[in-house]
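**Q** Once you've had a glance at the structure underneath, I'll fire off some questions.
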Amino acid sequence: MFGFFKKKENEKPPEKLTEQSDVQAAPEIKPEEIKQEEVKQNFWERLKGGLHKSTSQLTDGITGIFTKKKLDDETLEALEELLIKADMGVATAQKLTGQLRKTRFGKDITDHEIRAALADEMTVLLNPVAATLDFSSHKPFVLLMVGVNGVGKTTTMGKMAKQLTQDNKKVLMVAGDTFRAAAVSQLEVWAQRAGCELLTGAENADPASLAYKALEQAKQNGTDVVMIDTAGRLQNKAGLMAELQKIIRVMQKVDESAPHATLLVLDATTGQNAHAQVDVFRNLTAVSGLVLTKLDGSARGGVLVALADVFKLPVYAIGVGEGIDDLRPFAADAFAKALCGIED
Ligand SMILES: Nc1nc2c(ncn2[C@@H]2O[C@H](COP(=O)(O)OP(=O)(O)OP(=O)(O)O)[C@@H](O)[C@H]2O)c(=O)[nH]1
Ligand SMILES: [Mg+2]
């Protein structure tokens with residue numbers, strides 16, 4: 001289980017590896033002195049804050065439309081337009097308004113009621129994709145992070161690693177983006193924060209052989225989770241595909257069931273462009289689920305509803321900030337309510 005909300009009282013310091021010179025054991029770090037309840041609350045406050053722009057666009061729009069009391073063709077059409085503007089895409093917007101038409105057409109309805117009904121309909125679309133990763137299904141569990149440049153792959157990996165080490169899982173992060181020195185040093189920082197091991201290669205080393213080495217080592221060391229970061233250059237699809245496929249092929253020499261999850265990281269602020277990224281990556285490799293990051297920024301949160309409806313891929317986590325605790329499992333109901341400005 002991905003124990004995002006669990007916090008252990010006594011965190012184990014990371015084990016130190018000394019044999020391989022390129023394996024860096026992180027120094028002991030102190031548990032943060034933040035009560036978990038506060039963290040949880042801050043997370044939802046930040047999500048609501050982040051979704052504020054999407055929310056107010058929707059709620060103000062709905063208030064503008066519902067000057068009349070009855071739900072008629074004209075208001076439904078205006079509502080559909082509003083949902084499309086809020087990044088939900090034509091098909092999903094039509095589905096949502098279609099449901100409202102079925103249940104409320106011609107009835108007296110307030111703008112709050114329409115927002116509550118919309119949140120309910122969105123929850124129906126979102127519920128099937130709200131999922132958690134079961135890291136205990138394999139040992140070591142091999143997780144591959146993919147996505148275009150700058151979406152938050154490395155950051156997400158660092159946050160997940162931290163939460164797993166808090167759950168007393170032994171984690172090995174692999175700096176599979178060997179092409180940028182900065183990518184390696186960024187992971188070094190995250191490994192320290194997370195209190196986990198990190199495997200790096202020489203600059204421009206073959207990511208596939210690094211992944212191979214990581215799996216062998218993980219088997220020997222009793223590692224629970226191996227997380228492999230990858231480079232996200234998309235300008236050369238063929239190259240990226242070849243690289244990902246090679247990483248997978250080579251890893252399967254050690255464990256033919258690996259990777260056990262391939263997470264596609266998407267930046268929520270890119271809106272509809274996220275659809276194109278899902279399309280591209282699904283053709284490159286077997287994507288098992290999504291992580292949506294940057295829902296705290298100028299979030300175009302509606303895109304998550306459309307992605308859920310169109311691709312039906314599990315959403316394993318959402319990110320609402322750059323901090324280590326800013327990643328949580330995706331909760332359909334809470335998200336839909338936040339987006340529609342409905343207080344719990
Ligand atoms: N506000 C906010 N920023 C985030 C979030 N997730 C990641 N970031 C920031 O986005 C930037 C890019 O994140 P990275 O993790 O480096 O992205 P990446 O996908 O690894 O990028 P490349 O390695 O260049 O492909 C960093 O400045 C992160 O701090 C989030 O949920 N919210
Ligand atoms: Mg990166």
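Order determines the names: the first chain of the structure tokens is A, the second B, and so forth; residues in each chain are numbered 1 upward, and ligands are numbered 1 upward as they are shown.
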Write out as a VMD selection string each polymer residue (protein, DNA or RNA) that has an atom no more than 10 Å from ligand 2, with only C-alpha atoms and all ligand atoms counted.
**A** chain A and resid 145 to 157 175 to 177 180 182 to 184 186 to 187 229 to 232
**Q** Any chance you could export the current selection's C-alpha atoms as a short mmCIF file (atom, residue, chain, number, x, y, z; two decimals), in the first residue's frame?
**A**
data_model
loop_
_atom_site.label_atom_id
_atom_site.label_comp_id
_atom_site.auth_asym_id
_atom_site.auth_seq_id
_atom_site.Cartn_x
_atom_site.Cartn_y
_atom_site.Cartn_z
CA MET A 145 8.90 7.11 -14.15
CA VAL A 146 8.24 8.55 -17.59
CA GLY A 147 7.04 11.87 -18.97
CA VAL A 148 8.17 14.90 -20.96
CA ASN A 149 10.68 17.46 -19.70
CA GLY A 150 9.88 19.35 -16.56
CA VAL A 151 6.58 17.69 -15.66
CA GLY A 152 7.86 16.64 -12.24
CA LYS A 153 9.17 13.07 -12.67
CA THR A 154 12.21 13.49 -10.41
CA THR A 155 10.32 15.49 -7.80
CA THR A 156 7.47 12.96 -7.72
CA MET A 157 9.94 10.13 -7.36
CA ALA A 175 19.32 8.17 -11.79
CA GLY A 176 18.32 6.90 -15.22
CA ASP A 177 18.66 10.35 -16.77
CA ARG A 180 22.24 15.80 -17.56
CA ALA A 182 21.93 18.46 -12.97
CA ALA A 183 19.45 15.58 -13.05
CA VAL A 184 21.81 13.46 -10.97
CA GLN A 186 18.77 16.85 -8.11
CA LEU A 187 18.23 13.18 -7.24
CA ASP A 229 13.99 8.08 -13.22
CA THR A 230 14.21 8.59 -16.98
CA ALA A 231 15.08 11.44 -19.30
CA GLY A 232 12.05 13.11 -20.84
#
**Q** Considering only strand (DSSP E or B) as DSSP defines it on the backbone, what residues of region 37-242 of chain A qualify? List them as a ChimeraX atom specification.
**A** /A:70,108,130,141-146,171-174,197-199,225-228
**Q** Please produce a file of those selected residues containing N, CA and C atoms, as an mmCIF file, in the first residue's frame.
**A**
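Writing done, so here's selection.cif:
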data_model
loop_
_atom_site.group_PDB
_atom_site.id
_atom_site.type_symbol
_atom_site.label_atom_id
_atom_site.label_comp_id
_atom_site.auth_asym_id
_atom_site.auth_seq_id
_atom_site.Cartn_x
_atom_site.Cartn_y
_atom_site.Cartn_z
ATOM 1 N N LYS A 70 -35.073 27.451 -13.755
ATOM 2 C CA LYS A 70 -35.217 26.108 -14.306
ATOM 3 C C LYS A 70 -34.030 25.711 -15.183
ATOM 4 N N ASP A 108 -36.703 23.039 -10.935
ATOM 5 C CA ASP A 108 -36.143 24.223 -10.269
ATOM 6 C C ASP A 108 -34.796 23.840 -9.671
ATOM 7 N N ALA A 130 -9.359 6.449 -9.351
ATOM 8 C CA ALA A 130 -8.657 6.729 -8.091
ATOM 9 C C ALA A 130 -8.075 5.412 -7.577
ATOM 10 N N PHE A 141 9.833 -4.217 -5.953
ATOM 11 C CA PHE A 141 8.835 -3.627 -6.842
ATOM 12 C C PHE A 141 9.569 -2.604 -7.712
ATOM 13 N N VAL A 142 9.438 -2.744 -9.024
ATOM 14 C CA VAL A 142 10.193 -1.858 -9.922
ATOM 15 C C VAL A 142 9.245 -0.836 -10.554
ATOM 16 N N LEU A 143 9.576 0.422 -10.316
ATOM 17 C CA LEU A 143 8.724 1.521 -10.784
ATOM 18 C C LEU A 143 9.516 2.370 -11.775
ATOM 19 N N LEU A 144 8.936 2.569 -12.938
ATOM 20 C CA LEU A 144 9.591 3.377 -13.969
ATOM 21 C C LEU A 144 8.825 4.695 -14.103
ATOM 22 N N MET A 145 9.569 5.804 -14.029
ATOM 23 C CA MET A 145 8.902 7.108 -14.151
ATOM 24 C C MET A 145 9.145 7.651 -15.555
ATOM 25 N N VAL A 146 8.075 7.978 -16.261
ATOM 26 C CA VAL A 146 8.238 8.550 -17.595
ATOM 27 C C VAL A 146 7.426 9.838 -17.727
ATOM 28 N N VAL A 171 14.241 1.603 -0.141
ATOM 29 C CA VAL A 171 14.069 2.147 -1.493
ATOM 30 C C VAL A 171 15.426 2.406 -2.158
ATOM 31 N N LEU A 172 15.501 2.079 -3.424
ATOM 32 C CA LEU A 172 16.681 2.438 -4.221
ATOM 33 C C LEU A 172 16.219 3.302 -5.391
ATOM 34 N N MET A 173 16.725 4.518 -5.455
ATOM 35 C CA MET A 173 16.416 5.381 -6.588
ATOM 36 C C MET A 173 17.530 5.236 -7.612
ATOM 37 N N VAL A 174 17.141 5.262 -8.874
ATOM 38 C CA VAL A 174 18.121 5.079 -9.936
ATOM 39 C C VAL A 174 18.100 6.309 -10.844
ATOM 40 N N GLU A 197 18.651 4.963 -0.736
ATOM 41 C CA GLU A 197 19.858 4.772 -1.531
ATOM 42 C C GLU A 197 19.653 5.318 -2.941
ATOM 43 N N LEU A 198 20.785 5.657 -3.556
ATOM 44 C CA LEU A 198 20.722 6.182 -4.925
ATOM 45 C C LEU A 198 21.816 5.531 -5.756
ATOM 46 N N LEU A 199 21.451 5.077 -6.927
ATOM 47 C CA LEU A 199 22.439 4.502 -7.840
ATOM 48 C C LEU A 199 22.600 5.452 -9.023
ATOM 49 N N VAL A 225 11.646 -1.409 -3.009
ATOM 50 C CA VAL A 225 11.181 -0.663 -4.178
ATOM 51 C C VAL A 225 12.363 -0.050 -4.926
ATOM 52 N N VAL A 226 12.405 -0.297 -6.226
ATOM 53 C CA VAL A 226 13.418 0.337 -7.084
ATOM 54 C C VAL A 226 12.682 1.360 -7.948
ATOM 55 N N MET A 227 13.120 2.615 -7.884
ATOM 56 C CA MET A 227 12.465 3.665 -8.669
ATOM 57 C C MET A 227 13.430 4.183 -9.718
ATOM 58 N N ILE A 228 13.020 4.091 -10.954
ATOM 59 C CA ILE A 228 13.928 4.485 -12.029
ATOM 60 C C ILE A 228 13.457 5.773 -12.703
#
**Q** If I take CA of Val315 (chain A) and CA of Ala86 (chain A), how far is one from the other in Å, to one decimal?
**A**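 About the pair CA of Val315 (chain A) and CA of Ala86 (chain A): they are 19.5 Å apart.
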**Q** Run DSSP on the backbone of this structure and report the residues of region 80-261 of chain A it assigns to alpha helix (DSSP H), as a ChimeraX atom specification.
**A** /A:80-83,90-104,111-126,153-166,181-194,207-221,237-254
**Q** Only C-alpha atoms, please: the residues just picked out, written as an mmCIF file, in the first residue's frame.
**A**
data_model
loop_
_atom_site.group_PDB
_atom_site.id
_atom_site.type_symbol
_atom_site.label_atom_id
_atom_site.label_comp_id
_atom_site.auth_asym_id
_atom_site.auth_seq_id
_atom_site.Cartn_x
_atom_site.Cartn_y
_atom_site.Cartn_z
ATOM 1 C CA GLU A 80 -21.470 22.711 -21.634
ATOM 2 C CA GLU A 81 -19.470 25.615 -23.066
ATOM 3 C CA LEU A 82 -18.256 26.502 -19.610
ATOM 4 C CA LEU A 83 -17.063 22.951 -18.956
ATOM 5 C CA VAL A 90 -16.202 18.304 -25.639
ATOM 6 C CA ALA A 91 -17.067 14.647 -25.053
ATOM 7 C CA THR A 92 -16.720 14.810 -21.275
ATOM 8 C CA ALA A 93 -18.575 18.133 -21.059
ATOM 9 C CA GLN A 94 -21.435 16.607 -23.057
ATOM 10 C CA LYS A 95 -21.473 13.546 -20.857
ATOM 11 C CA LEU A 96 -21.722 15.669 -17.713
ATOM 12 C CA THR A 97 -24.473 17.920 -19.020
ATOM 13 C CA GLY A 98 -26.241 14.873 -20.488
ATOM 14 C CA GLN A 99 -26.469 13.378 -17.016
ATOM 15 C CA LEU A 100 -27.837 16.625 -15.588
ATOM 16 C CA ARG A 101 -30.404 16.738 -18.374
ATOM 17 C CA LYS A 102 -31.546 13.227 -17.493
ATOM 18 C CA THR A 103 -31.981 13.880 -13.813
ATOM 19 C CA ARG A 104 -32.876 17.570 -13.511
ATOM 20 C CA ASP A 111 -26.560 27.431 -8.769
ATOM 21 C CA HIS A 112 -25.309 25.697 -5.630
ATOM 22 C CA GLU A 113 -27.450 22.667 -6.445
ATOM 23 C CA ILE A 114 -26.102 22.549 -9.964
ATOM 24 C CA ARG A 115 -22.523 22.683 -8.679
ATOM 25 C CA ALA A 116 -23.262 19.914 -6.182
ATOM 26 C CA ALA A 117 -24.869 17.811 -8.931
ATOM 27 C CA LEU A 118 -21.888 18.442 -11.214
ATOM 28 C CA ALA A 119 -19.486 17.406 -8.451
ATOM 29 C CA ASP A 120 -21.493 14.189 -8.057
ATOM 30 C CA GLU A 121 -21.338 13.465 -11.784
ATOM 31 C CA MET A 122 -17.608 14.199 -11.875
ATOM 32 C CA THR A 123 -17.080 11.866 -8.939
ATOM 33 C CA VAL A 124 -18.775 9.105 -10.949
ATOM 34 C CA LEU A 125 -16.200 9.649 -13.722
ATOM 35 C CA LEU A 126 -13.274 10.012 -11.336
ATOM 36 C CA LYS A 153 9.174 13.073 -12.666
ATOM 37 C CA THR A 154 12.207 13.493 -10.413
ATOM 38 C CA THR A 155 10.320 15.488 -7.801
ATOM 39 C CA THR A 156 7.471 12.963 -7.721
ATOM 40 C CA MET A 157 9.942 10.133 -7.363
ATOM 41 C CA GLY A 158 11.628 11.891 -4.453
ATOM 42 C CA LYS A 159 8.321 12.502 -2.686
ATOM 43 C CA MET A 160 7.243 8.895 -3.176
ATOM 44 C CA ALA A 161 10.594 7.617 -1.954
ATOM 45 C CA LYS A 162 10.249 9.644 1.217
ATOM 46 C CA GLN A 163 6.776 8.318 1.918
ATOM 47 C CA LEU A 164 7.919 4.771 1.316
ATOM 48 C CA THR A 165 10.911 5.077 3.635
ATOM 49 C CA GLN A 166 8.526 6.470 6.242
ATOM 50 C CA ALA A 181 24.563 16.261 -14.603
ATOM 51 C CA ALA A 182 21.928 18.461 -12.974
ATOM 52 C CA ALA A 183 19.448 15.580 -13.054
ATOM 53 C CA VAL A 184 21.811 13.464 -10.973
ATOM 54 C CA SER A 185 22.507 16.162 -8.407
ATOM 55 C CA GLN A 186 18.774 16.847 -8.110
ATOM 56 C CA LEU A 187 18.228 13.182 -7.240
ATOM 57 C CA GLU A 188 21.090 13.272 -4.749
ATOM 58 C CA VAL A 189 19.209 15.958 -2.846
ATOM 59 C CA TRP A 190 16.009 13.921 -2.929
ATOM 60 C CA ALA A 191 17.801 10.752 -1.810
ATOM 61 C CA GLN A 192 19.098 12.661 1.195
ATOM 62 C CA ARG A 193 15.692 14.022 2.030
ATOM 63 C CA ALA A 194 14.043 10.656 1.562
ATOM 64 C CA PRO A 207 20.514 3.932 -18.545
ATOM 65 C CA ALA A 208 19.635 0.337 -19.360
ATOM 66 C CA SER A 209 22.814 -1.087 -17.841
ATOM 67 C CA LEU A 210 22.296 1.123 -14.824
ATOM 68 C CA ALA A 211 18.773 -0.261 -14.418
ATOM 69 C CA TYR A 212 20.125 -3.800 -14.766
ATOM 70 C CA LYS A 213 22.712 -3.163 -12.095
ATOM 71 C CA ALA A 214 20.057 -1.615 -9.856
ATOM 72 C CA LEU A 215 17.828 -4.680 -10.052
ATOM 73 C CA GLU A 216 20.648 -7.090 -9.356
ATOM 74 C CA GLN A 217 21.743 -5.029 -6.409
ATOM 75 C CA ALA A 218 18.196 -4.647 -5.118
ATOM 76 C CA LYS A 219 17.736 -8.414 -5.154
ATOM 77 C CA GLN A 220 20.917 -8.927 -3.192
ATOM 78 C CA ASN A 221 20.175 -6.189 -0.677
ATOM 79 C CA LYS A 237 10.255 10.001 -30.119
ATOM 80 C CA ALA A 238 12.061 7.125 -31.777
ATOM 81 C CA GLY A 239 15.109 7.610 -29.572
ATOM 82 C CA LEU A 240 13.029 7.829 -26.439
ATOM 83 C CA MET A 241 11.072 4.732 -27.355
ATOM 84 C CA ALA A 242 14.256 2.787 -28.074
ATOM 85 C CA GLU A 243 15.717 3.891 -24.777
ATOM 86 C CA LEU A 244 12.657 2.979 -22.710
ATOM 87 C CA GLN A 245 12.310 -0.341 -24.461
ATOM 88 C CA LYS A 246 15.962 -1.128 -23.880
ATOM 89 C CA ILE A 247 15.684 -0.301 -20.177
ATOM 90 C CA ILE A 248 12.697 -2.644 -19.920
ATOM 91 C CA ARG A 249 14.275 -5.429 -21.995
ATOM 92 C CA VAL A 250 17.480 -5.391 -20.007
ATOM 93 C CA MET A 251 15.685 -5.266 -16.637
ATOM 94 C CA GLN A 252 13.640 -8.270 -17.649
ATOM 95 C CA LYS A 253 16.829 -10.305 -17.814
ATOM 96 C CA VAL A 254 16.938 -9.964 -14.040
#
**Q** Point out the residue among A:Lys85, A:Val129, A:Gln277, A:Ile342 with the least atom-to-atom distance to Asp309 (chain A), counting only C-alpha atoms.
**A**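 Closest candidate: A:Val129.
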